[in-house]
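Structure data (mmCIF, C-alpha atoms) from target.cif:
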```
data_run
#
loop_
_atom_site.label_atom_id
_atom_site.label_comp_id
_atom_site.auth_asym_id
_atom_site.auth_seq_id
_atom_site.Cartn_x
_atom_site.Cartn_y
_atom_site.Cartn_z
CA MET A 1 0.00 0.00 0.00
CA THR A 2 1.41 3.37 -1.02
CA TRP A 3 1.42 6.52 1.12
CA SER A 4 -1.19 8.17 -1.12
CA GLU A 5 -3.51 5.25 -0.30
CA MET A 6 -2.68 5.30 3.40
CA GLN A 7 -3.10 9.03 3.93
CA PRO A 8 -6.90 9.35 3.58
CA LEU A 9 -7.39 6.21 5.68
CA LEU A 10 -5.13 7.53 8.43
CA SER A 11 -6.72 11.00 8.38
CA GLN A 12 -10.22 9.60 8.81
CA ALA A 13 -9.08 7.11 11.45
CA CYS A 14 -7.32 9.83 13.45
CA TRP A 15 -10.41 12.03 13.35
CA ASP A 16 -12.64 9.15 14.42
CA THR A 17 -10.33 8.34 17.34
CA LEU A 18 -10.21 11.97 18.49
CA TYR A 19 -14.00 12.17 18.21
CA MET A 20 -14.56 9.04 20.30
CA VAL A 21 -11.92 9.91 22.89
CA GLY A 22 -13.06 13.54 23.19
CA TRP A 23 -16.72 12.79 23.83
CA SER A 24 -15.96 9.82 26.08
CA THR A 25 -13.57 11.91 28.18
CA LEU A 26 -16.11 14.71 28.52
CA ILE A 27 -18.81 12.30 29.71
CA ALA A 28 -16.39 10.51 32.05
CA VAL A 29 -15.32 13.79 33.68
CA VAL A 30 -18.85 15.23 33.97
CA VAL A 31 -20.20 12.04 35.58
CA GLY A 32 -17.08 10.70 37.28
CA LEU A 33 -16.12 13.89 39.12
CA PRO A 34 -19.30 14.19 41.22
CA LEU A 35 -19.35 10.41 41.63
CA GLY A 36 -15.82 10.40 43.06
CA VAL A 37 -16.60 13.33 45.37
CA LEU A 38 -19.78 11.56 46.51
CA LEU A 39 -17.75 8.47 47.41
CA VAL A 40 -15.66 10.64 49.74
CA LEU A 41 -18.60 12.57 51.23
CA THR A 42 -20.64 9.43 51.99
CA ASP A 43 -17.73 7.47 53.46
CA ARG A 44 -17.21 6.98 57.19
CA GLY A 45 -16.55 10.38 58.74
CA GLY A 46 -17.63 12.20 55.58
CA LEU A 47 -19.87 15.24 55.48
CA LEU A 48 -22.74 13.16 54.08
CA GLN A 49 -21.88 9.91 55.82
CA ASN A 50 -24.16 7.15 54.53
CA ALA A 51 -22.83 3.60 54.63
CA VAL A 52 -25.54 2.16 52.40
CA VAL A 53 -25.13 4.73 49.61
CA ASN A 54 -21.35 4.52 49.79
CA LYS A 55 -21.34 0.73 49.63
CA VAL A 56 -23.82 0.56 46.73
CA ILE A 57 -21.91 3.14 44.66
CA GLY A 58 -18.59 1.55 45.53
CA GLN A 59 -19.74 -1.93 44.49
CA ILE A 60 -21.13 -0.67 41.17
CA VAL A 61 -17.86 1.12 40.46
CA ASN A 62 -15.82 -1.97 41.38
CA ILE A 63 -17.92 -4.28 39.21
CA VAL A 64 -17.66 -2.10 36.10
CA ARG A 65 -13.95 -1.53 36.66
CA SER A 66 -13.27 -5.25 37.03
CA MET A 67 -14.76 -6.15 33.64
CA PRO A 68 -12.36 -6.38 30.67
CA PHE A 69 -13.33 -3.70 28.17
CA LEU A 70 -14.09 -6.11 25.32
CA ILE A 71 -16.51 -8.04 27.53
CA LEU A 72 -18.08 -4.81 28.76
CA MET A 73 -18.51 -3.60 25.20
CA VAL A 74 -20.26 -6.81 24.16
CA ALA A 75 -22.42 -6.81 27.30
CA LEU A 76 -23.57 -3.26 26.57
CA MET A 77 -24.55 -3.86 22.94
CA GLY A 78 -28.25 -3.89 23.74
CA PHE A 79 -27.97 -0.68 25.76
CA THR A 80 -25.82 0.92 23.05
CA ARG A 81 -28.37 0.06 20.37
CA TRP A 82 -31.11 1.57 22.56
CA ILE A 83 -29.11 4.80 23.02
CA VAL A 84 -27.75 5.46 19.51
CA GLY A 85 -29.67 2.96 17.36
CA THR A 86 -26.64 0.92 16.29
CA THR A 87 -23.72 -1.04 17.71
CA ILE A 88 -21.24 -0.18 14.93
CA GLY A 89 -19.38 3.06 14.33
CA ARG A 90 -17.80 5.80 16.37
CA GLU A 91 -21.06 7.05 17.94
CA ALA A 92 -21.82 3.54 19.18
CA ALA A 93 -18.32 3.20 20.60
CA ILE A 94 -18.74 6.30 22.76
CA VAL A 95 -21.31 4.54 24.98
CA PRO A 96 -19.10 1.67 26.25
CA LEU A 97 -16.02 3.91 26.24
CA ALA A 98 -17.71 6.42 28.54
CA ILE A 99 -19.26 3.78 30.79
CA GLY A 100 -15.92 2.02 31.10
CA ALA A 101 -14.08 5.27 31.88
CA ILE A 102 -16.54 6.74 34.42
CA PRO A 103 -15.72 4.36 37.32
CA PHE A 104 -12.02 4.49 36.43
CA PHE A 105 -12.01 8.29 36.68
CA ALA A 106 -14.27 8.28 39.75
CA ARG A 107 -11.76 6.20 41.73
CA LEU A 108 -8.95 8.54 40.72
CA VAL A 109 -11.07 11.51 41.84
CA GLU A 110 -11.78 9.79 45.14
CA THR A 111 -8.06 9.28 45.75
CA SER A 112 -7.29 12.92 44.86
CA VAL A 113 -10.00 14.37 47.09
CA ARG A 114 -8.99 12.22 50.05
CA GLU A 115 -5.57 13.90 50.01
CA VAL A 116 -7.09 17.29 50.89
CA ASP A 117 -6.20 18.43 54.41
CA GLY A 118 -9.13 17.83 56.74
CA GLY A 119 -8.25 20.99 58.66
CA LEU A 120 -9.30 23.09 55.67
CA VAL A 121 -12.71 21.43 55.65
CA GLU A 122 -13.14 22.09 59.37
CA ALA A 123 -12.11 25.73 58.90
CA VAL A 124 -14.78 26.29 56.24
CA GLN A 125 -17.42 24.55 58.37
CA SER A 126 -16.49 26.70 61.38
CA MET A 127 -17.23 29.78 59.25
CA GLY A 128 -20.69 28.49 58.43
CA GLY A 129 -19.94 26.82 55.10
CA ASN A 130 -22.26 24.02 54.04
CA THR A 131 -21.36 20.85 52.15
CA TRP A 132 -21.63 22.50 48.74
CA THR A 133 -19.34 25.32 49.90
CA VAL A 134 -16.78 22.81 51.17
CA VAL A 135 -16.82 20.98 47.83
CA ARG A 136 -16.66 24.14 45.73
CA LYS A 137 -14.20 26.14 47.85
CA VAL A 138 -11.93 23.42 49.25
CA LEU A 139 -12.16 19.87 47.94
CA VAL A 140 -12.12 20.59 44.21
CA PRO A 141 -9.69 23.60 44.19
CA GLU A 142 -7.21 21.93 46.56
CA SER A 143 -7.18 18.68 44.60
CA LEU A 144 -7.08 20.34 41.17
CA PRO A 145 -3.47 19.39 40.28
CA SER A 146 -4.20 15.75 41.10
CA LEU A 147 -7.47 15.94 39.18
CA ILE A 148 -5.62 17.12 36.08
CA SER A 149 -3.24 14.16 36.40
CA ALA A 150 -6.25 11.87 36.84
CA THR A 151 -7.86 13.29 33.70
CA THR A 152 -4.64 12.73 31.77
CA THR A 153 -4.48 9.11 32.92
CA THR A 154 -8.13 8.63 31.96
CA ILE A 155 -7.63 10.05 28.45
CA ILE A 156 -4.72 7.68 27.84
CA ALA A 157 -6.79 4.74 29.10
CA ILE A 158 -9.67 5.71 26.78
CA ILE A 159 -7.29 5.82 23.82
CA GLY A 160 -6.34 2.24 24.64
CA TYR A 161 -10.00 1.30 24.96
CA SER A 162 -10.78 2.92 21.60
CA ALA A 163 -8.10 0.81 19.92
CA MET A 164 -9.74 -2.33 21.34
CA ALA A 165 -13.14 -1.06 20.21
CA GLY A 166 -11.86 -1.32 16.65
CA THR A 167 -12.17 -5.11 16.88
CA VAL A 168 -15.96 -4.78 16.69
CA GLY A 169 -16.09 -2.15 13.95
CA ALA A 170 -16.00 1.01 16.06
CA GLY A 171 -13.76 2.85 13.62
CA GLY A 172 -10.65 4.82 14.43
CA LEU A 173 -7.01 3.80 14.48
CA GLY A 174 -7.70 0.48 16.17
CA ASP A 175 -10.16 -0.55 13.48
CA LEU A 176 -7.70 0.48 10.77
CA ALA A 177 -4.91 -1.52 12.41
CA ILE A 178 -7.10 -4.62 12.61
CA ARG A 179 -8.59 -4.46 9.11
CA TYR A 180 -5.46 -3.48 7.21
CA GLY A 181 -2.47 -4.01 9.44
CA TYR A 182 -3.51 -7.44 10.75
CA GLN A 183 -6.04 -8.98 8.38
CA ARG A 184 -4.37 -7.73 5.17
CA PHE A 185 -0.80 -8.03 6.45
CA GLU A 186 0.03 -4.35 5.90
CA ALA A 187 2.86 -4.27 8.44
CA GLU A 188 4.01 -0.79 7.40
CA LEU A 189 0.59 0.68 8.09
CA MET A 190 0.47 -1.12 11.44
CA TRP A 191 3.75 0.46 12.57
CA ILE A 192 2.63 3.90 11.40
CA ILE A 193 -0.48 3.57 13.55
CA VAL A 194 1.62 2.47 16.51
CA ALA A 195 3.86 5.52 16.02
CA ILE A 196 0.87 7.87 15.80
CA LEU A 197 -0.61 6.49 19.02
CA ALA A 198 2.75 6.76 20.77
CA VAL A 199 3.15 10.41 19.74
CA VAL A 200 -0.42 11.32 20.72
CA ILE A 201 -0.09 9.68 24.13
CA ALA A 202 3.27 11.37 24.74
CA LEU A 203 1.80 14.79 23.89
CA ILE A 204 -1.23 14.25 26.14
CA GLN A 205 1.00 13.10 29.01
CA PHE A 206 3.29 16.11 28.55
CA ALA A 207 0.34 18.53 28.52
CA GLY A 208 -1.19 16.94 31.61
CA ASP A 209 2.08 16.90 33.55
CA SER A 210 2.77 20.52 32.60
CA GLY A 211 -0.67 21.65 33.73
CA ALA A 212 -0.39 19.82 37.04
CA ARG A 213 3.11 21.25 37.61
CA VAL A 214 1.91 24.80 36.97
CA LEU A 215 -0.89 24.42 39.51
CA HIS A 216 1.49 22.89 42.05
CA ARG A 217 3.80 25.90 41.69
CA ARG A 218 0.89 28.28 42.12
CA THR A 219 0.02 26.60 45.43
CA GLY A 220 3.62 26.42 46.63
CA LYS A 221 6.29 28.90 47.69
CA GLY A 222 6.25 30.70 44.36
CA GLY A 223 2.75 32.06 44.77
CA GLU A 224 -0.15 32.65 47.10
CA PRO A 225 -1.43 29.38 48.59
CA LEU A 226 -4.57 28.21 46.90
CA ARG A 227 -6.26 27.51 50.23
CA PHE A 228 -6.25 31.22 51.13
CA ARG A 229 -7.71 32.14 47.77
CA ALA A 230 -10.33 29.45 48.28
CA PHE A 231 -11.38 31.03 51.57
CA ALA A 232 -11.32 34.61 50.28
CA GLY A 233 -14.83 34.52 48.85
CA LEU A 234 -16.27 32.85 51.93
CA LEU A 235 -14.54 35.24 54.34
CA SER A 236 -15.77 38.19 52.29
CA GLY A 237 -19.31 36.87 52.47
CA VAL A 238 -19.13 36.38 56.24
CA ALA A 239 -17.71 39.89 56.75
CA THR A 240 -20.44 41.40 54.61
CA ALA A 241 -23.15 39.52 56.49
CA GLU A 242 -21.78 40.76 59.82
CA ALA A 243 -21.42 44.37 58.65
CA THR A 244 -24.89 44.67 57.12
CA PRO A 245 -26.91 44.57 60.39
CA ALA A 246 -24.60 47.21 61.94
CA LYS A 247 -25.30 49.60 59.09
CA THR A 248 -29.03 49.10 59.31
CA ARG A 249 -28.90 49.87 63.02
#
```
Encoded form (C-alpha cells):
Amino acid sequence: MTWSEMQPLLSQACWDTLYMVGWSTLIAVVVGLPLGVLLVLTDRGGLLQNAVVNKVIGQIVNIVRSMPFLILMVALMGFTRWIVGTTIGREAAIVPLAIGAIPFFARLVETSVREVDGGLVEAVQSMGGNTWTVVRKVLVPESLPSLISATTTTIIAIIGYSAMAGTVGAGGLGDLAIRYGYQRFEAELMWIIVAILAVVIALIQFAGDSGARVLHRRTGKGGEPLRFRAFAGLLSGVATAEATPAKTR
C-alpha cells in the first residue's frame, strides 16, 4: 500500500479516534467527578456519611472496573443500540467507552479528594460553610493538580479502549490496524499507527504533567497558597453579612 492510499485512511481514522476519545472523556469527567466526590462525602466520617449509599456506589464502580473492556462492550450492545440505534461506528463506541471510563475516573477523583487536608474542611465549616461550599471552595480547588493528572491518565486509558473497540467495527485507528495491518498483512501501516498512538499519548502526558506542575507551583512557595484564595470569597461573604446589620442599626 502506497502513502497516497494510506493518507486518507489515516486521516479519517485519526479524526474518528479523536471524536470518540473527546466525547468519552467529557462524559467521564462530567459524571465521574461528582461520583468520586460523593464516594468521599458518603464514606465513614464524611460530610454526608451514609454507609448504604457509599457501599452501593462503591460496588457498582468496582464491578464495572473489574470487567475487561471487550466483555463490557459486548455486554452493553443492547444498551448501546437503545441509546444510539446501532452497535457499529464511532457514535456507538462512545457509549461503552464512557461507561468504562466513568468508574475508572471516579476512583482517581476519590483518591485525589482524600488527600485534601481535613483541617481546611473544618475551617470552612467553622465559618458556616455548608457541604456545597466545602466541595466548591476546598475539595475541588485543593485537589485540582491531582485531578488534572487523573484526567490525563483517563484520556490515555480511553485511547487504549478505543483501539480495542476497533475489533468490533467502532472505527478509528484500532479498526484500521485490525482491518489493514492485521487482516491484510500491511505491516508498514500497522507500525505507522503504533507511532501515531505513541506520539499522541506522549503529547497528552506532557500537557497533563505541565498543567499539574503549573498548579502545584501556584500553590507552593512561588505564589499565594490556593487555600487562602479558596477562603477569600467565603470570608468576604461572612464579613459582609456581619457588617450589614450594623449599618441598618
Next item on the list: Step by step, work through what the PyMOL selection byres ((chain A and resi 9) around 12) selects in the shown file, and finish by giving those residues as number ranges by chain.
Entry: A: 1-8, 10-16, 171-177, 179-181, 189, 192-193
Write out as a JSON list (two decimals) with C-alpha atoms, keeping the file's coordinate frame the residues lying within 12 Å of Glu91 of chain A, counting only C-alpha atoms and excluding same-chain residues fewer than 3 positions away.
```
[["chain", "number", "residue", "atom", "x", "y", "z"],
["A", 16, "ASP", "CA", -12.64, 9.15, 14.42],
["A", 17, "THR", "CA", -10.33, 8.34, 17.34],
["A", 18, "LEU", "CA", -10.21, 11.97, 18.49],
["A", 19, "TYR", "CA", -14.00, 12.17, 18.21],
["A", 20, "MET", "CA", -14.56, 9.04, 20.30],
["A", 21, "VAL", "CA", -11.92, 9.91, 22.89],
["A", 22, "GLY", "CA", -13.06, 13.54, 23.19],
["A", 23, "TRP", "CA", -16.72, 12.79, 23.83],
["A", 24, "SER", "CA", -15.96, 9.82, 26.08],
["A", 80, "THR", "CA", -25.82, 0.92, 23.05],
["A", 81, "ARG", "CA", -28.37, 0.06, 20.37],
["A", 83, "ILE", "CA", -29.11, 4.80, 23.02],
["A", 84, "VAL", "CA", -27.75, 5.46, 19.51],
["A", 85, "GLY", "CA", -29.67, 2.96, 17.36],
["A", 86, "THR", "CA", -26.64, 0.92, 16.29],
["A", 87, "THR", "CA", -23.72, -1.04, 17.71],
["A", 88, "ILE", "CA", -21.24, -0.18, 14.93],
["A", 94, "ILE", "CA", -18.74, 6.30, 22.76],
["A", 95, "VAL", "CA", -21.31, 4.54, 24.98],
["A", 96, "PRO", "CA", -19.10, 1.67, 26.25],
["A", 97, "LEU", "CA", -16.02, 3.91, 26.24],
["A", 98, "ALA", "CA", -17.71, 6.42, 28.54],
["A", 162, "SER", "CA", -10.78, 2.92, 21.60],
["A", 165, "ALA", "CA", -13.14, -1.06, 20.21],
["A", 169, "GLY", "CA", -16.09, -2.15, 13.95],
["A", 170, "ALA", "CA", -16.00, 1.01, 16.06],
["A", 171, "GLY", "CA", -13.76, 2.85, 13.62],
["A", 172, "GLY", "CA", -10.65, 4.82, 14.43]]
```
If you take all atoms listed in the file and a cut-off of 8 Å, which residues of segment 78-190 of chain A touch segment 44-63 of chain A, and what are their nearest atom pairs and distances in Å to one decimal, in chain and number order, as CSV?
```
residue,atom,partner,partner_atom,distance
A:Pro103,CA,A:Val61,CA,5.0
A:Phe104,CA,A:Val61,CA,7.9
A:Thr131,CA,A:Leu47,CA,6.7
```
Notebook entry, point to check: A:Val40, A:Ile196, A:Val30, A:Ala101: which is nearest Tyr161 of chain A, counting all atoms listed in the file?
Noted result: A:Ala101
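Taking only C-alpha atoms into account, Val31 of chain A lies nearest to A:Phe105 out of the set A:Trp82, A:Trp132, A:Phe185, A:Phe105.
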Notebook entry, point to check: Do you have the atom CA of Glu188 of chain A-atom CA of Phe206 of chain A distance handy?
Noted result: 27.1 Å
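Here atom CA of Thr152 of chain A is placed at a distance of 6.8 Å from atom CA of Ile204 of chain A.
Between Ile155 of chain A and the candidates A:Val124, A:Met77, A:Val29, A:Ile71, the tightest atom-to-atom separation, counting all atoms listed in the file, involves A:Val29.
Distances here use only C-alpha atoms; by that measure, the residue among A:Ile102, A:Val135, A:Ala163, A:Leu120 closest to Leu26 of chain A is A:Ile102.
Atom pair atom CA of Leu33 of chain A / atom CA of Val168 of chain A has a distance of 29.2 Å (rounded to one decimal).
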Next item on the list: Output the residue selection produced by the PyMOL selection byres ((chain A and resi 142-144) around 10) on the file above, formatted as a PyMOL selection string.
Entry: chain A and resi 109+111-117+120+135-141+145-150+211-212+215-216+219+225-227+230
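Nearest to Ala198 of chain A of all the residues A:Leu76, A:Leu38, A:Val121, A:Ile156 is A:Ile156, based on only C-alpha atoms.
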